[in-house]
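K.L.:
Structure: input.csv, CSV, C-alpha atoms.
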chain,number,residue,atom,x,y,z
O,377,ILE,CA,76.8,17.4,13.4
O,378,PHE,CA,75.6,13.9,14.4
O,379,THR,CA,74.4,15.3,17.7
O,380,PHE,CA,72.6,18.1,16.0
O,381,HIS,CA,70.7,15.8,13.7
O,382,ARG,CA,69.8,13.4,16.5
O,383,SER,CA,68.5,16.3,18.6
O,384,SER,CA,66.5,17.6,15.7
O,385,GLU,CA,65.0,14.2,15.0
O,386,GLU,CA,64.0,13.8,18.7
O,387,ALA,CA,62.4,17.3,18.6
O,388,VAL,CA,60.4,16.3,15.5
O,389,LEU,CA,59.2,13.0,17.1
O,390,ARG,CA,58.2,14.8,20.3
O,391,GLY,CA,56.2,17.3,18.2
O,392,MET,CA,54.5,14.6,16.3
O,393,ALA,CA,53.6,12.8,19.5
O,394,SER,CA,52.3,16.0,21.0
O,395,SER,CA,50.3,16.7,17.8
O,396,SER,CA,48.7,13.2,17.8
O,397,ASN,CA,47.7,13.5,21.4
O,398,SER,CA,46.1,16.9,21.1
O,399,LYS,CA,42.4,17.1,20.4
O,400,PRO,CA,40.5,19.8,18.4
O,401,SER,CA,38.5,22.2,20.4
O,402,LEU,CA,34.7,22.5,20.2
O,403,GLU,CA,35.1,25.6,18.1
O,404,GLU,CA,37.5,23.8,15.7
O,405,ASN,CA,35.0,20.9,15.4
O,406,LEU,CA,32.1,23.2,14.7
O,407,ALA,CA,34.1,25.1,12.1
O,408,ALA,CA,35.1,21.8,10.4
O,409,ALA,CA,31.4,20.7,10.4
O,410,VAL,CA,30.3,24.0,8.9
O,411,LYS,CA,32.9,23.6,6.2
O,412,LEU,CA,31.7,20.1,5.4
O,413,LYS,CA,28.2,21.3,5.1
O,414,GLU,CA,29.2,24.0,2.7
O,415,GLU,CA,31.3,21.7,0.6
O,416,GLY,CA,28.4,19.2,0.5
O,417,ASN,CA,26.1,22.0,-0.7
O,418,GLN,CA,28.4,22.9,-3.5
O,419,PHE,CA,28.7,19.3,-4.6
O,420,PHE,CA,24.9,19.0,-4.6
O,421,LYS,CA,24.5,22.1,-6.7
O,422,GLU,CA,26.9,20.6,-9.2
O,423,GLY,CA,24.8,17.4,-9.3
O,424,LYS,CA,27.5,15.3,-7.6
O,425,ILE,CA,25.2,13.5,-5.2
O,426,LYS,CA,27.6,10.8,-4.1
O,427,GLU,CA,30.3,13.4,-3.2
O,428,ALA,CA,27.7,15.6,-1.4
O,429,LYS,CA,26.5,12.6,0.6
O,430,ALA,CA,30.0,11.8,1.7
O,431,LYS,CA,30.5,15.4,3.0
O,432,TYR,CA,27.1,15.5,4.8
O,433,ALA,CA,27.9,12.1,6.4
O,434,GLN,CA,31.1,13.4,8.0
O,435,ILE,CA,29.3,16.3,9.8
O,436,ILE,CA,28.2,14.1,12.7
O,437,MET,CA,31.8,13.2,13.5
O,438,HIS,CA,32.4,16.8,14.6
O,439,ILE,CA,29.2,17.5,16.4
O,440,LEU,CA,28.4,14.3,18.3
O,441,GLY,CA,26.8,15.2,21.7
O,442,ASN,CA,23.9,16.9,23.1
O,443,GLU,CA,23.2,20.6,23.7
O,444,ASP,CA,24.7,20.7,27.2
O,445,GLY,CA,28.0,19.5,25.8
O,446,ASN,CA,28.5,16.4,28.1
O,447,MET,CA,29.0,13.9,25.2
O,448,MET,CA,30.9,16.5,23.2
O,449,ASN,CA,33.3,17.0,26.1
O,450,GLN,CA,33.8,13.3,26.4
O,451,LEU,CA,34.5,13.1,22.7
O,452,LEU,CA,37.1,15.8,23.1
O,453,GLY,CA,38.7,13.8,25.9
O,454,GLN,CA,37.7,16.2,28.7
O,455,PRO,CA,36.4,14.7,32.0
O,456,GLU,CA,32.7,15.5,32.7
O,457,SER,CA,33.4,16.9,36.1
O,458,SER,CA,35.8,19.6,34.7
O,459,ALA,CA,34.1,20.1,31.4
O,460,LYS,CA,32.6,23.5,30.5
O,461,ARG,CA,29.1,23.7,29.3
O,462,VAL,CA,28.5,24.6,25.7
O,463,SER,CA,27.5,28.2,25.1
O,464,ALA,CA,23.9,28.9,23.9
O,465,ALA,CA,25.3,30.0,20.5
O,466,ASN,CA,27.3,26.9,20.0
O,467,ALA,CA,24.4,24.7,21.3
O,468,GLN,CA,22.2,26.3,18.6
O,469,LEU,CA,24.9,25.7,15.9
O,470,ILE,CA,25.2,22.1,17.0
O,471,LYS,CA,21.4,21.7,16.6
O,472,GLU,CA,21.4,23.3,13.2
O,473,LEU,CA,24.3,21.1,12.0
O,474,LYS,CA,22.6,18.0,13.3
O,475,PHE,CA,19.5,18.9,11.4
O,476,ALA,CA,21.5,19.7,8.2
O,477,HIS,CA,23.3,16.3,8.6
O,478,HIS,CA,20.0,14.3,8.6
O,479,ALA,CA,17.9,16.5,6.3
O,480,ASN,CA,20.5,16.6,3.6
O,481,LEU,CA,21.3,12.9,3.9
O,482,GLY,CA,17.6,12.4,3.6
O,483,LEU,CA,17.6,14.4,0.4
O,484,CYS,CA,20.6,12.6,-1.1
O,485,ASN,CA,19.1,9.2,-0.4
O,486,LEU,CA,15.8,10.3,-1.9
O,487,MET,CA,17.7,11.4,-5.1
O,488,GLU,CA,19.3,7.9,-5.1
O,489,GLY,CA,16.1,6.1,-4.6
O,490,ASN,CA,17.0,4.8,-1.2
O,491,TRP,CA,13.5,5.3,0.2
O,492,ASP,CA,14.0,3.7,3.7
O,493,LYS,CA,17.2,5.6,4.4
O,494,ALA,CA,15.6,8.8,3.2
O,495,ILE,CA,12.7,8.2,5.6
O,496,THR,CA,15.0,7.4,8.5
O,497,HIS,CA,17.1,10.5,8.1
O,498,CYS,CA,14.1,12.8,7.6
O,499,THR,CA,12.5,11.3,10.7
O,500,LYS,CA,15.6,12.2,12.7
O,501,ALA,CA,15.7,15.7,11.2
O,502,LEU,CA,12.0,16.2,12.2
O,503,ALA,CA,12.8,15.0,15.7
O,504,ILE,CA,15.0,18.2,15.9
O,505,GLU,CA,12.7,20.5,14.0
O,506,ALA,CA,9.2,19.1,13.8
O,507,ASN,CA,7.7,21.7,11.5
O,508,ASN,CA,10.3,21.9,8.8
O,509,ALA,CA,8.4,21.8,5.5
O,510,LYS,CA,11.5,20.5,3.5
O,511,ALA,CA,12.0,17.5,5.8
O,512,LEU,CA,8.2,16.8,5.8
O,513,PHE,CA,8.1,17.0,2.0
O,514,ARG,CA,11.1,14.7,1.5
O,515,ARG,CA,9.8,12.1,3.9
O,516,GLY,CA,6.3,12.4,2.3
O,517,LYS,CA,7.8,11.9,-1.1
O,518,ALA,CA,9.7,8.8,0.0
O,519,TYR,CA,6.6,7.4,1.6
O,520,LEU,CA,4.7,8.0,-1.7
O,521,GLU,CA,7.4,6.3,-3.7
O,522,LYS,CA,7.1,3.3,-1.4
O,523,GLY,CA,3.4,3.2,-1.8
O,524,ASP,CA,2.6,4.1,1.8
O,525,LEU,CA,-0.1,6.5,0.8
O,526,ASP,CA,-1.6,7.4,4.2
O,527,ARG,CA,1.8,8.4,5.7
O,528,ALA,CA,2.6,10.3,2.5
O,529,LYS,CA,-0.7,12.2,2.8
O,530,ALA,CA,0.0,13.1,6.4
O,531,ASP,CA,3.5,14.5,5.7
O,532,LEU,CA,2.6,16.3,2.4
O,533,ARG,CA,-0.5,17.9,3.8
O,534,LYS,CA,1.4,19.2,6.8
O,535,ALA,CA,4.1,20.5,4.5
O,536,ALA,CA,1.5,22.2,2.3
O,537,GLU,CA,0.0,23.9,5.4
O,538,LEU,CA,3.5,25.3,6.3
O,539,GLU,CA,4.3,26.2,2.7
O,540,PRO,CA,1.0,26.7,0.9
O,541,THR,CA,2.5,28.3,-2.3
O,542,ASP,CA,5.2,25.7,-2.8
O,543,ALA,CA,4.7,24.2,-6.3
O,544,LYS,CA,6.7,21.0,-5.6
O,545,ILE,CA,4.6,20.1,-2.6
O,546,ARG,CA,1.3,20.8,-4.6
O,547,ALA,CA,2.7,18.6,-7.4
O,548,GLU,CA,3.4,15.7,-5.0
O,549,LEU,CA,-0.1,16.1,-3.6
O,550,ASP,CA,-1.5,15.8,-7.1
O,551,ARG,CA,0.6,12.6,-7.6
O,552,LEU,CA,-0.8,11.3,-4.4
O,553,LYS,CA,-4.4,11.8,-5.6
O,554,ASP,CA,-3.6,9.9,-8.7
O,555,LYS,CA,-2.1,7.1,-6.6
O,556,TYR,CA,-5.2,6.9,-4.6
O,557,LYS,CA,-7.3,6.6,-7.8
O,558,GLU,CA,-5.1,3.8,-9.0
O,559,HIS,CA,-5.5,2.1,-5.7
O,560,ASP,CA,-9.3,2.4,-5.9
O,561,LYS,CA,-9.3,0.9,-9.4
O,562,LYS,CA,-7.2,-2.1,-8.3
O,563,HIS,CA,-9.5,-2.5,-5.3
O,564,LYS,CA,-12.6,-2.5,-7.5
O,565,LYS,CA,-11.1,-5.1,-9.8
O,566,ILE,CA,-10.3,-7.3,-6.9
O,567,MET,CA,-13.9,-7.0,-5.6
O,568,GLN,CA,-15.4,-7.6,-9.0
O,569,ALA,CA,-13.2,-10.8,-9.4
O,570,MET,CA,-14.4,-11.9,-6.0
O,571,LEU,CA,-18.0,-11.3,-6.9
O,572,GLN,CA,-17.6,-13.2,-10.2
O,573,GLY,CA,-16.1,-16.1,-8.3
O,574,LEU,CA,-19.0,-16.2,-5.9
O,575,SER,CA,-21.4,-16.1,-8.8
O,576,CYS,CA,-19.8,-19.0,-10.6
O,577,SER,CA,-19.7,-21.0,-7.4
O,578,ASP,CA,-23.4,-20.4,-6.9
O,579,THR,CA,-24.3,-21.5,-10.5
O,580,SER,CA,-22.2,-24.7,-10.3
O,581,ALA,CA,-23.7,-25.7,-7.0
O,582,GLY,CA,-27.3,-25.6,-8.5
O,583,PRO,CA,-30.4,-23.7,-7.7
O,584,SER,CA,-31.0,-25.3,-4.3
O,585,VAL,CA,-27.9,-23.6,-2.8
O,586,LYS,CA,-28.6,-20.1,-1.3
O,587,THR,CA,-26.2,-17.5,-0.1
O,588,SER,CA,-26.8,-16.3,3.4
O,589,GLN,CA,-26.1,-12.7,2.6
O,590,GLU,CA,-24.9,-10.4,-0.1
O,591,PRO,CA,-21.3,-9.3,-0.1
O,592,SER,CA,-20.8,-5.8,1.4
O,593,GLY,CA,-18.5,-4.6,-1.4
O,594,GLU,CA,-16.1,-3.3,1.3
O,595,PRO,CA,-13.1,-5.2,2.8
O,596,SER,CA,-13.5,-6.0,6.5
O,597,GLY,CA,-11.9,-3.6,8.9
O,598,GLU,CA,-10.8,-1.2,6.1
O,599,SER,CA,-12.0,2.4,6.1
O,600,SER,CA,-13.3,3.7,2.8
O,601,ALA,CA,-12.2,7.2,3.7
O,602,ALA,CA,-8.6,6.0,3.4
O,603,MET,CA,-9.2,5.1,-0.2
O,604,ASP,CA,-11.0,8.3,-1.1
O,605,ALA,CA,-8.8,10.5,-3.4
O,606,SER,CA,-10.9,13.6,-2.7
O,607,SER,CA,-9.8,13.5,1.0
O,608,VAL,CA,-6.2,14.2,0.2
Write out the structure in this file as structure tokens.

P.N.:
Amino acid sequence: IFTFHRSSEEAVLRGMASSSNSKPSLEENLAAAVKLKEEGNQFFKEGKIKEAKAKYAQIIMHILGNEDGNMMNQLLGQPESSAKRVSAANAQLIKELKFAHHANLGLCNLMEGNWDKAITHCTKALAIEANNAKALFRRGKAYLEKGDLDRAKADLRKAAELEPTDAKIRAELDRLKDKYKEHDKKHKKIMQAMLQGLSCSDTSAGPSVKTSQEPSGEPSGESSAAMDASSV
């Protein structure tokens, strides 16, 4: 009986060691990444942004590597010389999962008000798929929230070109126009204050003091077109 138990224990330990040393295949990693994306999507639909974000963040752990599979094979513990190249179908899936990882993390960070992180992830998503309207919209919205109006305009206008009937994109473009108008009002107030200051200075100095030239009313080196709300 003792020998039986000892042998059984050794067999279990050998099985555990073998299991710990084994690495998942590429297909298993991709299946796990797809599952994480689907779970993240479900959490997001339920309004559980934190949980969705955690799922999306884990995707990259399963799809690290480039499309030819060299880094993936290294991750799986396979020597580069003997590694098999990733099939075209799997390479495409890796690309789609990378995009989903960054685009969806960009969305989650946008929902949480983390503008810089949203911009970073959307930029990485756009490096994979440059003409994706959703990623452009999300980055443009993050730029708008940060007050970077020119970059917001570039992204939102491009998104609108790709999806001309999208109501959310049009709404953000309307917000952008309002932001430009607010900027113009602040700019005019600053210029008026500057002019009033110059006027008071001239009066206190006496009638003998003359100004060499009238102020231009435009800040040096700043394009008035960038402030024009009608150009959005």

K.L.:
Around (1.3, 8.7, 0.8) in the file's frame, which residues reach within 12 Å when counting only C-alpha atoms? Return as a ChimeraX atom specification?

P.N.:
/O:512-533,548-556,559,602-603,605,608

K.L.:
Rank nothing, just name the residue among O:Ala509, O:Ala479, O:Leu402, O:Ala464 nearest to Thr496 of chain O, using all atoms listed in the file.

P.N.:
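Smallest distance to Thr496 of chain O is found for O:Ala479.
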
K.L.:
(16.2, 4.7, 3.2) in this file's frame - what residues fall within 12 Å of it? Use only C-alpha atoms and give the answer as a list in words.

P.N.:
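Taken together, the residues in range are His478, Leu481, Gly482, Leu483, Cys484, Asn485, Leu486, Met487, Glu488, Gly489, Asn490, Trp491, Asp492, Lys493, Ala494, Ile495, Thr496, His497, Cys498, Thr499, Arg514, Arg515, Lys517, Ala518, Tyr519, Glu521 and Lys522 of chain O.
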
K.L.:
Calculate how many Å separate atom CA of Gln418 of chain O from atom CA of Leu473 of chain O, rounding to one decimal.

P.N.:
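Value for the atom CA of Gln418 of chain O-atom CA of Leu473 of chain O distance: 16.1 Å.
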
K.L.:
Just give me the gap between atom CA of Ala503 of chain O and atom CA of Pro400 of chain O in Å, one decimal is fine.

P.N.:
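Straight-line distance from atom CA of Ala503 of chain O to atom CA of Pro400 of chain O works out to 28.2 Å.
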
K.L.:
Which residues are near Glu505 of chain O? Cut-off 9 Å, all atoms listed in the file, ignore same chain within fewer than 5 positions. Put them as a CSV table (one decimal) with C-alpha atoms, in the coordinates of the input.

P.N.:
chain,number,residue,atom,x,y,z
O,475,PHE,CA,19.5,18.9,11.4
O,500,LYS,CA,15.6,12.2,12.7
O,511,ALA,CA,12.0,17.5,5.8

K.L.:
So how many Å separate atom CA of Lys413 of chain O and atom CA of Ala543 of chain O, to one decimal?

P.N.:
26.3 Å

K.L.:
Could you add the missing atoms to segment 505-530 of chain O, up to N, CA, C and O atoms, and return them as an mmCIF file, keeping the file's coordinate frame?

P.N.:
data_model
loop_
_atom_site.group_PDB
_atom_site.id
_atom_site.type_symbol
_atom_site.label_atom_id
_atom_site.label_comp_id
_atom_site.auth_asym_id
_atom_site.auth_seq_id
_atom_site.Cartn_x
_atom_site.Cartn_y
_atom_site.Cartn_z
ATOM 1 N N GLU O 505 13.517 19.364 14.395
ATOM 2 C CA GLU O 505 12.700 20.500 14.000
ATOM 3 C C GLU O 505 11.405 19.947 13.336
ATOM 4 O O GLU O 505 11.344 19.652 12.139
ATOM 5 N N ALA O 506 10.390 19.797 14.164
ATOM 6 C CA ALA O 506 9.200 19.100 13.800
ATOM 7 C C ALA O 506 8.397 19.718 12.650
ATOM 8 O O ALA O 506 7.724 19.017 11.877
ATOM 9 N N ASN O 507 8.451 21.027 12.549
ATOM 10 C CA ASN O 507 7.700 21.700 11.500
ATOM 11 C C ASN O 507 8.491 22.241 10.378
ATOM 12 O O ASN O 507 8.210 23.309 9.829
ATOM 13 N N ASN O 508 9.466 21.484 9.988
ATOM 14 C CA ASN O 508 10.300 21.900 8.800
ATOM 15 C C ASN O 508 9.631 21.315 7.573
ATOM 16 O O ASN O 508 9.529 20.100 7.386
ATOM 17 N N ALA O 509 9.195 22.208 6.706
ATOM 18 C CA ALA O 509 8.400 21.800 5.500
ATOM 19 C C ALA O 509 9.295 20.953 4.567
ATOM 20 O O ALA O 509 8.781 20.014 3.944
ATOM 21 N N LYS O 510 10.596 21.275 4.442
ATOM 22 C CA LYS O 510 11.500 20.500 3.500
ATOM 23 C C LYS O 510 11.592 19.069 3.965
ATOM 24 O O LYS O 510 11.496 18.150 3.141
ATOM 25 N N ALA O 511 11.821 18.855 5.258
ATOM 26 C CA ALA O 511 12.000 17.500 5.800
ATOM 27 C C ALA O 511 10.660 16.721 5.634
ATOM 28 O O ALA O 511 10.655 15.528 5.294
ATOM 29 N N LEU O 512 9.548 17.385 5.905
ATOM 30 C CA LEU O 512 8.200 16.800 5.800
ATOM 31 C C LEU O 512 7.985 16.378 4.302
ATOM 32 O O LEU O 512 7.494 15.288 3.994
ATOM 33 N N PHE O 513 8.312 17.293 3.400
ATOM 34 C CA PHE O 513 8.100 17.000 2.000
ATOM 35 C C PHE O 513 8.971 15.844 1.518
ATOM 36 O O PHE O 513 8.490 14.960 0.797
ATOM 37 N N ARG O 514 10.238 15.817 1.938
ATOM 38 C CA ARG O 514 11.100 14.700 1.500
ATOM 39 C C ARG O 514 10.666 13.391 2.049
ATOM 40 O O ARG O 514 10.665 12.396 1.321
ATOM 41 N N ARG O 515 10.260 13.358 3.323
ATOM 42 C CA ARG O 515 9.800 12.100 3.900
ATOM 43 C C ARG O 515 8.472 11.681 3.214
ATOM 44 O O ARG O 515 8.254 10.499 2.915
ATOM 45 N N GLY O 516 7.583 12.670 2.986
ATOM 46 C CA GLY O 516 6.300 12.400 2.300
ATOM 47 C C GLY O 516 6.522 11.808 0.930
ATOM 48 O O GLY O 516 5.842 10.868 0.511
ATOM 49 N N LYS O 517 7.467 12.375 0.204
ATOM 50 C CA LYS O 517 7.800 11.900 -1.100
ATOM 51 C C LYS O 517 8.323 10.464 -1.104
ATOM 52 O O LYS O 517 7.965 9.624 -1.938
ATOM 53 N N ALA O 518 9.189 10.194 -0.110
ATOM 54 C CA ALA O 518 9.700 8.800 0.000
ATOM 55 C C ALA O 518 8.624 7.841 0.360
ATOM 56 O O ALA O 518 8.589 6.728 -0.182
ATOM 57 N N TYR O 519 7.707 8.226 1.248
ATOM 58 C CA TYR O 519 6.600 7.400 1.600
ATOM 59 C C TYR O 519 5.726 7.115 0.303
ATOM 60 O O TYR O 519 5.250 5.992 0.066
ATOM 61 N N LEU O 520 5.526 8.160 -0.492
ATOM 62 C CA LEU O 520 4.700 8.000 -1.700
ATOM 63 C C LEU O 520 5.394 7.054 -2.679
ATOM 64 O O LEU O 520 4.716 6.212 -3.292
ATOM 65 N N GLU O 521 6.715 7.166 -2.827
ATOM 66 C CA GLU O 521 7.400 6.300 -3.700
ATOM 67 C C GLU O 521 7.335 4.812 -3.242
ATOM 68 O O GLU O 521 7.322 3.878 -4.053
ATOM 69 N N LYS O 522 7.256 4.631 -1.924
ATOM 70 C CA LYS O 522 7.100 3.300 -1.400
ATOM 71 C C LYS O 522 5.701 2.744 -1.453
ATOM 72 O O LYS O 522 5.462 1.560 -1.238
ATOM 73 N N GLY O 523 4.755 3.628 -1.749
ATOM 74 C CA GLY O 523 3.400 3.200 -1.800
ATOM 75 C C GLY O 523 2.643 3.297 -0.487
ATOM 76 O O GLY O 523 1.517 2.802 -0.352
ATOM 77 N N ASP O 524 3.262 3.940 0.501
ATOM 78 C CA ASP O 524 2.600 4.100 1.800
ATOM 79 C C ASP O 524 1.823 5.452 1.730
ATOM 80 O O ASP O 524 2.267 6.513 2.175
ATOM 81 N N LEU O 525 0.628 5.362 1.154
ATOM 82 C CA LEU O 525 -0.100 6.500 0.800
ATOM 83 C C LEU O 525 -0.618 7.344 1.993
ATOM 84 O O LEU O 525 -0.610 8.584 1.968
ATOM 85 N N ASP O 526 -1.053 6.672 3.041
ATOM 86 C CA ASP O 526 -1.600 7.400 4.200
ATOM 87 C C ASP O 526 -0.503 8.213 4.900
ATOM 88 O O ASP O 526 -0.741 9.360 5.292
ATOM 89 N N ARG O 527 0.682 7.628 5.060
ATOM 90 C CA ARG O 527 1.800 8.400 5.700
ATOM 91 C C ARG O 527 2.245 9.512 4.763
ATOM 92 O O ARG O 527 2.594 10.597 5.239
ATOM 93 N N ALA O 528 2.261 9.250 3.469
ATOM 94 C CA ALA O 528 2.600 10.300 2.500
ATOM 95 C C ALA O 528 1.638 11.451 2.599
ATOM 96 O O ALA O 528 2.034 12.626 2.593
ATOM 97 N N LYS O 529 0.371 11.132 2.707
ATOM 98 C CA LYS O 529 -0.700 12.200 2.800
ATOM 99 C C LYS O 529 -0.469 13.027 4.037
ATOM 100 O O LYS O 529 -0.563 14.260 3.971
ATOM 101 N N ALA O 530 -0.171 12.394 5.173
ATOM 102 C CA ALA O 530 0.000 13.100 6.400
ATOM 103 C C ALA O 530 1.151 14.132 6.319
ATOM 104 O O ALA O 530 1.029 15.300 6.704
#
